[in-house]
>>> print(open('input38.cif').read())   # mmCIF, C-alpha atoms and all ligand atoms
data_coords
#
loop_
_atom_site.group_PDB
_atom_site.id
_atom_site.type_symbol
_atom_site.label_atom_id
_atom_site.label_comp_id
_atom_site.auth_asym_id
_atom_site.auth_seq_id
_atom_site.Cartn_x
_atom_site.Cartn_y
_atom_site.Cartn_z
ATOM 1 C CA MET U 1 304.277 95.282 72.720
ATOM 2 C CA ASN U 2 302.513 92.896 70.341
ATOM 3 C CA HIS U 3 302.261 94.759 67.043
ATOM 4 C CA ASP U 4 299.634 92.325 65.747
ATOM 5 C CA LYS U 5 297.238 93.976 68.207
ATOM 6 C CA LEU U 6 297.983 97.496 66.988
ATOM 7 C CA ILE U 7 295.166 98.956 64.906
ATOM 8 C CA ILE U 8 295.677 102.160 62.947
ATOM 9 C CA ARG U 9 292.476 103.553 61.451
ATOM 10 C CA PRO U 10 290.639 106.793 60.647
ATOM 11 C CA ALA U 11 288.782 108.255 63.639
ATOM 12 C CA ASN U 12 284.993 108.369 63.731
ATOM 13 C CA THR U 13 282.729 110.489 65.908
ATOM 14 C CA ASN U 14 282.340 107.648 68.465
ATOM 15 C CA ASP U 15 286.038 108.066 69.234
ATOM 16 C CA ALA U 16 285.602 111.728 70.307
ATOM 17 C CA PRO U 17 285.550 111.201 74.125
ATOM 18 C CA ARG U 18 288.592 108.924 74.054
ATOM 19 C CA ILE U 19 290.488 111.260 71.720
ATOM 20 C CA LEU U 20 289.914 114.154 74.128
ATOM 21 C CA LYS U 21 291.139 112.000 77.017
ATOM 22 C CA HIS U 22 294.228 111.068 74.993
ATOM 23 C CA LEU U 23 295.010 114.700 74.133
ATOM 24 C CA LYS U 24 294.747 115.707 77.788
ATOM 25 C CA THR U 25 297.100 112.902 78.779
ATOM 26 C CA VAL U 26 299.772 113.544 76.138
ATOM 27 C CA GLY U 27 299.521 117.300 76.639
ATOM 28 C CA ASP U 28 300.919 116.840 80.148
ATOM 29 C CA GLU U 29 303.475 114.160 79.308
ATOM 30 C CA SER U 30 305.888 116.388 77.404
ATOM 31 C CA ASP U 31 306.487 120.000 76.467
ATOM 32 C CA PHE U 32 306.702 119.087 72.798
ATOM 33 C CA LEU U 33 303.112 119.843 71.863
ATOM 34 C CA THR U 34 301.393 123.176 71.334
ATOM 35 C CA PHE U 35 299.008 122.498 74.238
ATOM 36 C CA ASN U 36 298.722 120.976 77.698
ATOM 37 C CA SER U 37 295.654 119.532 79.395
ATOM 38 C CA ALA U 38 294.585 122.935 80.752
ATOM 39 C CA TYR U 39 294.179 124.126 77.168
ATOM 40 C CA ILE U 40 291.906 121.249 76.084
ATOM 41 C CA LYS U 41 288.598 122.833 76.920
ATOM 42 C CA ILE U 42 286.682 121.668 73.891
ATOM 43 C CA THR U 43 283.591 119.556 74.395
ATOM 44 C CA VAL U 44 282.908 116.094 73.037
ATOM 45 C CA GLU U 45 280.489 117.673 70.530
ATOM 46 C CA GLU U 46 283.196 120.059 69.323
ATOM 47 C CA GLU U 47 285.636 117.159 68.961
ATOM 48 C CA GLU U 48 282.985 115.289 66.956
ATOM 49 C CA GLU U 49 282.752 118.316 64.671
ATOM 50 C CA ILE U 50 286.511 118.344 64.207
ATOM 51 C CA ILE U 51 286.443 114.651 63.246
ATOM 52 C CA THR U 52 283.560 115.231 60.846
ATOM 53 C CA ALA U 53 285.321 118.223 59.318
ATOM 54 C CA HIS U 54 288.375 116.063 58.616
ATOM 55 C CA ASN U 55 286.278 113.192 57.257
ATOM 56 C CA SER U 56 284.259 115.392 54.941
ATOM 57 C CA THR U 57 287.273 116.531 52.944
ATOM 58 C CA ASP U 58 289.442 114.428 50.666
ATOM 59 C CA ASN U 59 292.766 115.978 51.666
ATOM 60 C CA GLN U 60 292.572 115.779 55.460
ATOM 61 C CA LEU U 61 292.740 112.854 57.870
ATOM 62 C CA LEU U 62 292.316 112.393 61.614
ATOM 63 C CA PHE U 63 293.371 108.906 62.629
ATOM 64 C CA ILE U 64 294.199 106.882 65.706
ATOM 65 C CA ALA U 65 296.337 104.001 66.926
ATOM 66 C CA GLU U 66 294.453 101.591 69.191
ATOM 67 C CA TYR U 67 296.053 98.958 71.365
ATOM 68 C CA GLU U 68 294.023 96.626 73.553
ATOM 69 C CA ALA U 69 290.975 98.915 73.241
ATOM 70 C CA GLU U 70 292.959 101.997 74.327
ATOM 71 C CA ILE U 71 293.743 104.926 72.062
ATOM 72 C CA ILE U 72 297.532 105.206 72.324
ATOM 73 C CA GLY U 73 298.173 107.535 69.392
ATOM 74 C CA VAL U 74 296.354 110.330 67.605
ATOM 75 C CA SER U 75 297.482 112.106 64.477
ATOM 76 C CA ASN U 76 296.000 114.412 61.927
ATOM 77 C CA LEU U 77 296.816 115.902 58.584
ATOM 78 C CA MET U 78 295.305 119.335 58.112
ATOM 79 C CA ALA U 79 295.031 120.974 54.729
ATOM 80 C CA SER U 80 293.545 124.064 53.160
ATOM 81 C CA GLN U 81 290.719 123.800 50.629
ATOM 82 C CA LYS U 82 292.123 126.681 48.565
ATOM 83 C CA PRO U 83 293.010 125.268 45.128
ATOM 84 C CA ARG U 84 296.532 126.646 45.322
ATOM 85 C CA LEU U 85 297.172 125.100 48.752
ATOM 86 C CA ARG U 86 295.154 121.878 48.661
ATOM 87 C CA HIS U 87 298.226 119.771 47.982
ATOM 88 C CA ILE U 88 299.895 120.667 51.317
ATOM 89 C CA GLY U 89 299.145 118.839 54.565
ATOM 90 C CA ASP U 90 300.417 119.719 58.046
ATOM 91 C CA ILE U 91 300.960 116.869 60.515
ATOM 92 C CA GLY U 92 300.286 116.732 64.231
ATOM 93 C CA ILE U 93 301.038 113.522 66.151
ATOM 94 C CA SER U 94 301.118 112.243 69.709
ATOM 95 C CA VAL U 95 301.721 108.823 71.237
ATOM 96 C CA ILE U 96 301.143 107.989 74.917
ATOM 97 C CA GLN U 97 304.498 108.130 76.705
ATOM 98 C CA LYS U 98 304.210 104.561 77.986
ATOM 99 C CA TYR U 99 304.405 103.383 74.355
ATOM 100 C CA TRP U 100 307.175 105.655 73.069
ATOM 101 C CA GLY U 101 310.025 103.892 71.277
ATOM 102 C CA ASN U 102 307.906 100.923 70.170
ATOM 103 C CA GLY U 103 307.537 101.981 66.575
ATOM 104 C CA VAL U 104 303.959 103.264 66.958
ATOM 105 C CA GLY U 105 304.701 106.833 65.811
ATOM 106 C CA GLY U 106 306.648 105.506 62.837
ATOM 107 C CA LYS U 107 303.831 103.191 61.801
ATOM 108 C CA MET U 108 301.314 106.030 62.107
ATOM 109 C CA ILE U 109 303.297 108.340 59.850
ATOM 110 C CA GLU U 110 303.852 105.560 57.332
ATOM 111 C CA TYR U 111 300.074 105.001 57.359
ATOM 112 C CA LEU U 112 299.558 108.700 56.696
ATOM 113 C CA ILE U 113 302.096 108.790 53.884
ATOM 114 C CA ASN U 114 300.438 105.773 52.206
ATOM 115 C CA TRP U 115 297.004 107.358 52.605
ATOM 116 C CA ALA U 116 298.263 110.602 51.042
ATOM 117 C CA LYS U 117 299.917 108.775 48.148
ATOM 118 C CA LYS U 118 296.717 106.849 47.393
ATOM 119 C CA GLY U 119 294.599 110.010 47.493
ATOM 120 C CA GLU U 120 296.825 111.721 44.925
ATOM 121 C CA ILE U 121 295.929 115.170 46.244
ATOM 122 C CA ILE U 122 298.495 115.713 48.984
ATOM 123 C CA THR U 123 301.922 115.922 47.399
ATOM 124 C CA LYS U 124 303.711 117.734 50.205
ATOM 125 C CA ILE U 125 303.640 117.091 53.949
ATOM 126 C CA ASN U 126 304.925 119.751 56.333
ATOM 127 C CA LEU U 127 305.510 119.794 60.055
ATOM 128 C CA ILE U 128 307.058 121.904 62.763
ATOM 129 C CA VAL U 129 309.214 120.215 65.388
ATOM 130 C CA GLN U 130 310.801 121.816 68.434
ATOM 131 C CA GLN U 131 314.600 121.805 68.128
ATOM 132 C CA ASP U 132 315.013 119.974 71.446
ATOM 133 C CA ASN U 133 312.564 117.219 70.421
ATOM 134 C CA ILE U 134 315.382 114.961 69.252
ATOM 135 C CA GLY U 135 313.259 111.785 69.168
ATOM 136 C CA ALA U 136 310.618 113.262 66.900
ATOM 137 C CA TYR U 137 313.235 114.912 64.663
ATOM 138 C CA LYS U 138 315.058 111.579 64.212
ATOM 139 C CA LEU U 139 311.782 109.827 63.473
ATOM 140 C CA TYR U 140 310.812 112.309 60.750
ATOM 141 C CA GLU U 141 314.311 112.213 59.264
ATOM 142 C CA LYS U 142 314.191 108.415 59.166
ATOM 143 C CA LEU U 143 310.916 108.606 57.229
ATOM 144 C CA GLY U 144 312.410 110.927 54.623
ATOM 145 C CA PHE U 145 311.468 114.372 55.931
ATOM 146 C CA GLU U 146 314.042 117.075 55.343
ATOM 147 C CA LYS U 147 314.774 120.177 57.344
ATOM 148 C CA GLU U 148 313.538 123.150 55.316
ATOM 149 C CA GLY U 149 314.016 126.009 57.723
ATOM 150 C CA GLU U 150 314.183 127.313 61.242
ATOM 151 C CA LEU U 151 311.556 129.087 63.249
ATOM 152 C CA ARG U 152 312.668 131.332 66.087
ATOM 153 C CA ARG U 153 310.491 131.585 69.223
ATOM 154 C CA ALA U 154 308.121 128.925 67.888
ATOM 155 C CA LEU U 155 306.756 128.142 71.362
ATOM 156 C CA PHE U 156 306.581 129.964 74.691
ATOM 157 C CA ILE U 157 306.293 127.553 77.618
ATOM 158 C CA ASP U 158 306.567 128.543 81.290
ATOM 159 C CA GLY U 159 308.454 131.725 80.462
ATOM 160 C CA VAL U 160 310.895 130.100 78.009
ATOM 161 C CA TYR U 161 310.975 130.450 74.224
ATOM 162 C CA TYR U 162 311.719 127.388 72.110
ATOM 163 C CA ASP U 163 312.978 127.407 68.528
ATOM 164 C CA ALA U 164 311.733 124.887 65.987
ATOM 165 C CA TYR U 165 312.516 123.417 62.586
ATOM 166 C CA TYR U 166 310.266 123.327 59.580
ATOM 167 C CA MET U 167 310.453 119.875 58.020
ATOM 168 C CA GLY U 168 308.871 118.664 54.816
ATOM 169 C CA LEU U 169 308.357 115.562 52.720
ATOM 170 C CA VAL U 170 307.739 115.700 48.979
ATOM 171 C CA LEU U 171 305.593 112.726 47.925
HETATM 172 C C1 LIG P 1 307.313 111.864 68.602
HETATM 173 C C2 LIG P 1 306.490 110.630 68.881
HETATM 174 C C3 LIG P 1 305.163 110.725 68.141
HETATM 175 C C4 LIG P 1 307.276 109.412 68.361
HETATM 176 O O1 LIG P 1 306.490 108.257 68.565
HETATM 177 P P1 LIG P 1 307.169 106.874 68.953
HETATM 178 O O2 LIG P 1 306.126 105.845 68.881
HETATM 179 O O3 LIG P 1 307.912 107.014 70.222
HETATM 180 O O4 LIG P 1 308.222 106.719 67.756
HETATM 181 P P2 LIG P 1 308.837 105.390 67.199
HETATM 182 O O5 LIG P 1 309.002 104.388 68.293
HETATM 183 O O6 LIG P 1 308.059 104.973 66.010
HETATM 184 O O7 LIG P 1 310.269 105.897 66.759
HETATM 185 C C5 LIG P 1 310.807 105.521 65.569
HETATM 186 C C6 LIG P 1 312.151 106.200 65.330
HETATM 187 O O8 LIG P 1 312.199 107.526 65.834
HETATM 188 C C7 LIG P 1 313.468 107.802 66.376
HETATM 189 N N1 LIG P 1 313.321 108.060 67.802
HETATM 190 C C8 LIG P 1 312.174 108.005 68.518
HETATM 191 N N2 LIG P 1 312.416 108.375 69.791
HETATM 192 C C9 LIG P 1 313.719 108.671 69.863
HETATM 193 C C10 LIG P 1 314.575 109.157 70.887
HETATM 194 N N3 LIG P 1 314.107 109.406 72.120
HETATM 195 N N4 LIG P 1 315.883 109.404 70.602
HETATM 196 C C11 LIG P 1 316.348 109.174 69.353
HETATM 197 N N5 LIG P 1 315.597 108.723 68.339
HETATM 198 C C12 LIG P 1 314.306 108.478 68.589
HETATM 199 C C13 LIG P 1 314.315 106.614 66.078
HETATM 200 O O9 LIG P 1 314.912 106.840 64.810
HETATM 201 C C14 LIG P 1 313.300 105.521 65.996
HETATM 202 O O10 LIG P 1 313.721 104.500 65.162
HETATM 203 P P3 LIG P 1 314.439 103.198 65.787
HETATM 204 O O11 LIG P 1 313.468 102.648 66.805
HETATM 205 O O12 LIG P 1 314.616 102.348 64.584
HETATM 206 O O13 LIG P 1 315.693 103.696 66.409
HETATM 207 C C15 LIG P 1 306.243 110.427 70.397
HETATM 208 O O14 LIG P 1 307.484 110.377 71.054
HETATM 209 C C16 LIG P 1 305.409 111.533 71.036
HETATM 210 O O15 LIG P 1 304.184 111.508 70.976
HETATM 211 N N6 LIG P 1 306.047 112.524 71.658
HETATM 212 C C17 LIG P 1 305.333 113.597 72.367
HETATM 213 C C18 LIG P 1 304.592 114.506 71.416
HETATM 214 C C19 LIG P 1 305.473 114.941 70.272
HETATM 215 O O16 LIG P 1 306.653 115.207 70.423
HETATM 216 N N7 LIG P 1 304.849 115.025 69.079
HETATM 217 C C20 LIG P 1 305.533 115.455 67.892
HETATM 218 C C21 LIG P 1 305.517 116.933 67.821
HETATM 219 S S1 LIG P 1 306.379 117.496 66.368
#
>>> encode(input="input38.cif", output="structure tokens", more="lines below")
Ligand SMILES: CC(C)(COP(=O)(O)OP(=O)(O)OC[C@H]1O[C@@H](n2cnc3c(N)ncnc32)[C@H](O)[C@@H]1OP(=O)(O)O)[C@@H](O)C(=O)NCCC(=O)NCCS
Amino acid sequence: MNHDKLIIRPANTNDAPRILKHLKTVGDESDFLTFNSAYIKITVEEEEEIITAHNSTDNQLLFIAEYEAEIIGVSNLMASQKPRLRHIGDIGISVIQKYWGNGVGGKMIEYLINWAKKGEIITKINLIVQQDNIGAYKLYEKLGFEKEGELRRALFIDGVYYDAYYMGLVL
């Protein structure tokens, strides 16, 4: 993979159809997300609204990784607008399986951390990672996230419960 061709940037409403396609793809590539393709029933218009909702606040971000005109990664930081919670962002991230292990996920989270630091609003980033998602756990640990707790029965997939860890990064 030629990293010079990797573009990481905030999403805009024109990206909505390709983001939906990406989410459907990654949803079926692993059992490490909270959804699979069958769950993605939202329309392009609804996805556009989600992008706009992120863009219209100063403590949330929906961004993508593009490689050779294809969206290969999508991530978002969601945050409350309540004054007492505005400093906390929750991460979601997915990279197309074909590109796993190439440093894309790491670059995306570094991008997010830099964005949050510049904004000076988000001072804590949280995430939930399934305990058997070793790759993601190692990635977060490498970027400075610490395990803060455990969550029993975090997911229920095909009749099986999965436990998860809470991880957090203080900026
Ligand atoms: C988790 C995910 C986003 C990581 O993206 P990625 O582009 O593969 O990650 P990177 O290539 O940047 O990985 C960087 C580091 O993560 C760790 N890592 C990643 N995959 C790993 C694996 N399978 N085993 C061990 N460590 C792994 C390593 O520390 C690696 O650093 P190194 O290359 O210096 O060894 C991607 O695998 C993915 O989308 N998975 C499916 C959805 C998912 O699990 N989302 C997260 C839910 S919490």
>>> axis_aligned_box(input="input38.cif", around="segment 56-73 of chain U", padding_each_side="5 Å", output="JSON")
{"center_x": 291.2, "center_y": 106.6, "center_z": 62.5, "size_x": 23.9, "size_y": 29.9, "size_z": 33.7}
>>> residues_around(input="input38.cif", residues="Tyr162 of chain U", least_positions_apart="2", cutoff="8 Å", atoms="all atoms listed in the file", output="number ranges by chain")
U: 130-131, 152-157, 160, 164
>>> residues_near_ligand(input="input38.cif", ligand="ligand LIG 1 (chain P)", cutoff="6 Å", atoms="only C-alpha atoms and all ligand atoms", output="PDB file with C-alpha atoms, in the coordinates of the input")
ATOM      1  CA  SER U  30     305.888 116.388  77.404  1.00  0.00           C
ATOM      2  CA  PHE U  32     306.702 119.087  72.798  1.00  0.00           C
ATOM      3  CA  LEU U  33     303.112 119.843  71.863  1.00  0.00           C
ATOM      4  CA  ILE U  93     301.038 113.522  66.151  1.00  0.00           C
ATOM      5  CA  SER U  94     301.118 112.243  69.709  1.00  0.00           C
ATOM      6  CA  VAL U  95     301.721 108.823  71.237  1.00  0.00           C
ATOM      7  CA  TRP U 100     307.175 105.655  73.069  1.00  0.00           C
ATOM      8  CA  GLY U 101     310.025 103.892  71.277  1.00  0.00           C
ATOM      9  CA  ASN U 102     307.906 100.923  70.170  1.00  0.00           C
ATOM     10  CA  GLY U 103     307.537 101.981  66.575  1.00  0.00           C
ATOM     11  CA  VAL U 104     303.959 103.264  66.958  1.00  0.00           C
ATOM     12  CA  GLY U 105     304.701 106.833  65.811  1.00  0.00           C
ATOM     13  CA  GLY U 106     306.648 105.506  62.837  1.00  0.00           C
ATOM     14  CA  ILE U 128     307.058 121.904  62.763  1.00  0.00           C
ATOM     15  CA  VAL U 129     309.214 120.215  65.388  1.00  0.00           C
ATOM     16  CA  ILE U 134     315.382 114.961  69.252  1.00  0.00           C
ATOM     17  CA  GLY U 135     313.259 111.785  69.168  1.00  0.00           C
ATOM     18  CA  ALA U 136     310.618 113.262  66.900  1.00  0.00           C
ATOM     19  CA  LYS U 138     315.058 111.579  64.212  1.00  0.00           C
ATOM     20  CA  LEU U 139     311.782 109.827  63.473  1.00  0.00           C
ATOM     21  CA  LYS U 142     314.191 108.415  59.166  1.00  0.00           C
TER      22      LYS U 142
END
>>> resolve_selection(input="input38.cif", expression="the PyMOL selection byres (((chain U and resi 112) around 10) and not hetatm)", output="list in words")
Ile8, Arg9, Pro10, Leu61, Leu62, Phe63, Ser75, Asn76, Leu77, Ile91, Gly106, Lys107, Met108, Ile109, Glu110, Tyr111, Ile113, Asn114, Trp115, Ala116, Lys117, Lys118 and Ile125 of chain U
>>> resolve_selection(input="input38.cif", expression="the PyMOL selection byres (((chain U and resi 59) around 10) and not hetatm)", output="PyMOL selection string")
chain U and resi 54-58+60-61+77-81+86-89+115-116+119-122
>>> resolve_selection(input="input38.cif", expression="the PyMOL selection byres (((chain U and resi 37) around 7) and not hetatm)", output="CSV table (one decimal) with C-alpha atoms, in the frame of the given file")
chain,number,residue,atom,x,y,z
U,24,LYS,CA,294.7,115.7,77.8
U,25,THR,CA,297.1,112.9,78.8
U,27,GLY,CA,299.5,117.3,76.6
U,28,ASP,CA,300.9,116.8,80.1
U,35,PHE,CA,299.0,122.5,74.2
U,36,ASN,CA,298.7,121.0,77.7
U,38,ALA,CA,294.6,122.9,80.8
U,39,TYR,CA,294.2,124.1,77.2
U,40,ILE,CA,291.9,121.2,76.1
>>> atom_distance(input="input38.cif", atom1="atom CA of Met167 of chain U", atom2="atom CA of Ala53 of chain U")
25.2 Å
>>> closest_residue(input="input38.cif", among="U:Glu66, U:Glu146, U:Asn126, U:Ile96", to="Asp4 of chain U", atoms="all atoms listed in the file")
U:Glu66
>>> residues_around(input="input38.cif", residues="Val44 of chain U", least_positions_apart="4", cutoff="7 Å", atoms="all atoms listed in the file", output="VMD selection string")
chain U and resid 16 to 17 48
>>> write_last_selection(input="input38.cif", atoms="C-alpha atoms", output="compact mmCIF listing (two decimals), keeping the file's coordinate frame")
# COMPACT_ATOMS: atom_id res chain seq x y z
CA ALA U 16 285.60 111.73 70.31
CA PRO U 17 285.55 111.20 74.12
CA GLU U 48 282.98 115.29 66.96
>>> atom_distance(input="input38.cif", atom1="atom CA of Thr52 of chain U", atom2="atom CA of Leu23 of chain U")
17.5 Å
>>> closest_residue(input="input38.cif", among="U:Ile72, U:Gly168, U:Asp158, U:Lys124", to="Glu141 of chain U", atoms="only C-alpha atoms")
U:Gly168
>>> residues_around(input="input38.cif", residues="Glu150 of chain U", least_positions_apart="6", cutoff="8 Å", atoms="all atoms listed in the file", output="ChimeraX atom specification")
/U:163-166
>>> write_last_selection(input="input38.cif", atoms="C-alpha atoms", output="CSV table (one decimal), in the coordinates of the input")
chain,number,residue,atom,x,y,z
U,163,ASP,CA,313.0,127.4,68.5
U,164,ALA,CA,311.7,124.9,66.0
U,165,TYR,CA,312.5,123.4,62.6
U,166,TYR,CA,310.3,123.3,59.6
>>> atom_distance(input="input38.cif", atom1="atom CA of Tyr99 of chain U", atom2="atom CA of Ala11 of chain U")
19.6 Å
>>> closest_residue(input="input38.cif", among="U:Leu127, U:Leu143, U:Leu85, U:Ile71", to="Arg18 of chain U", atoms="only C-alpha atoms")
U:Ile71
>>> closest_residue(input="input38.cif", among="U:Glu68, U:Glu47, U:Asp15, U:Asp31", to="Asp132 of chain U", atoms="only C-alpha atoms")
U:Asp31
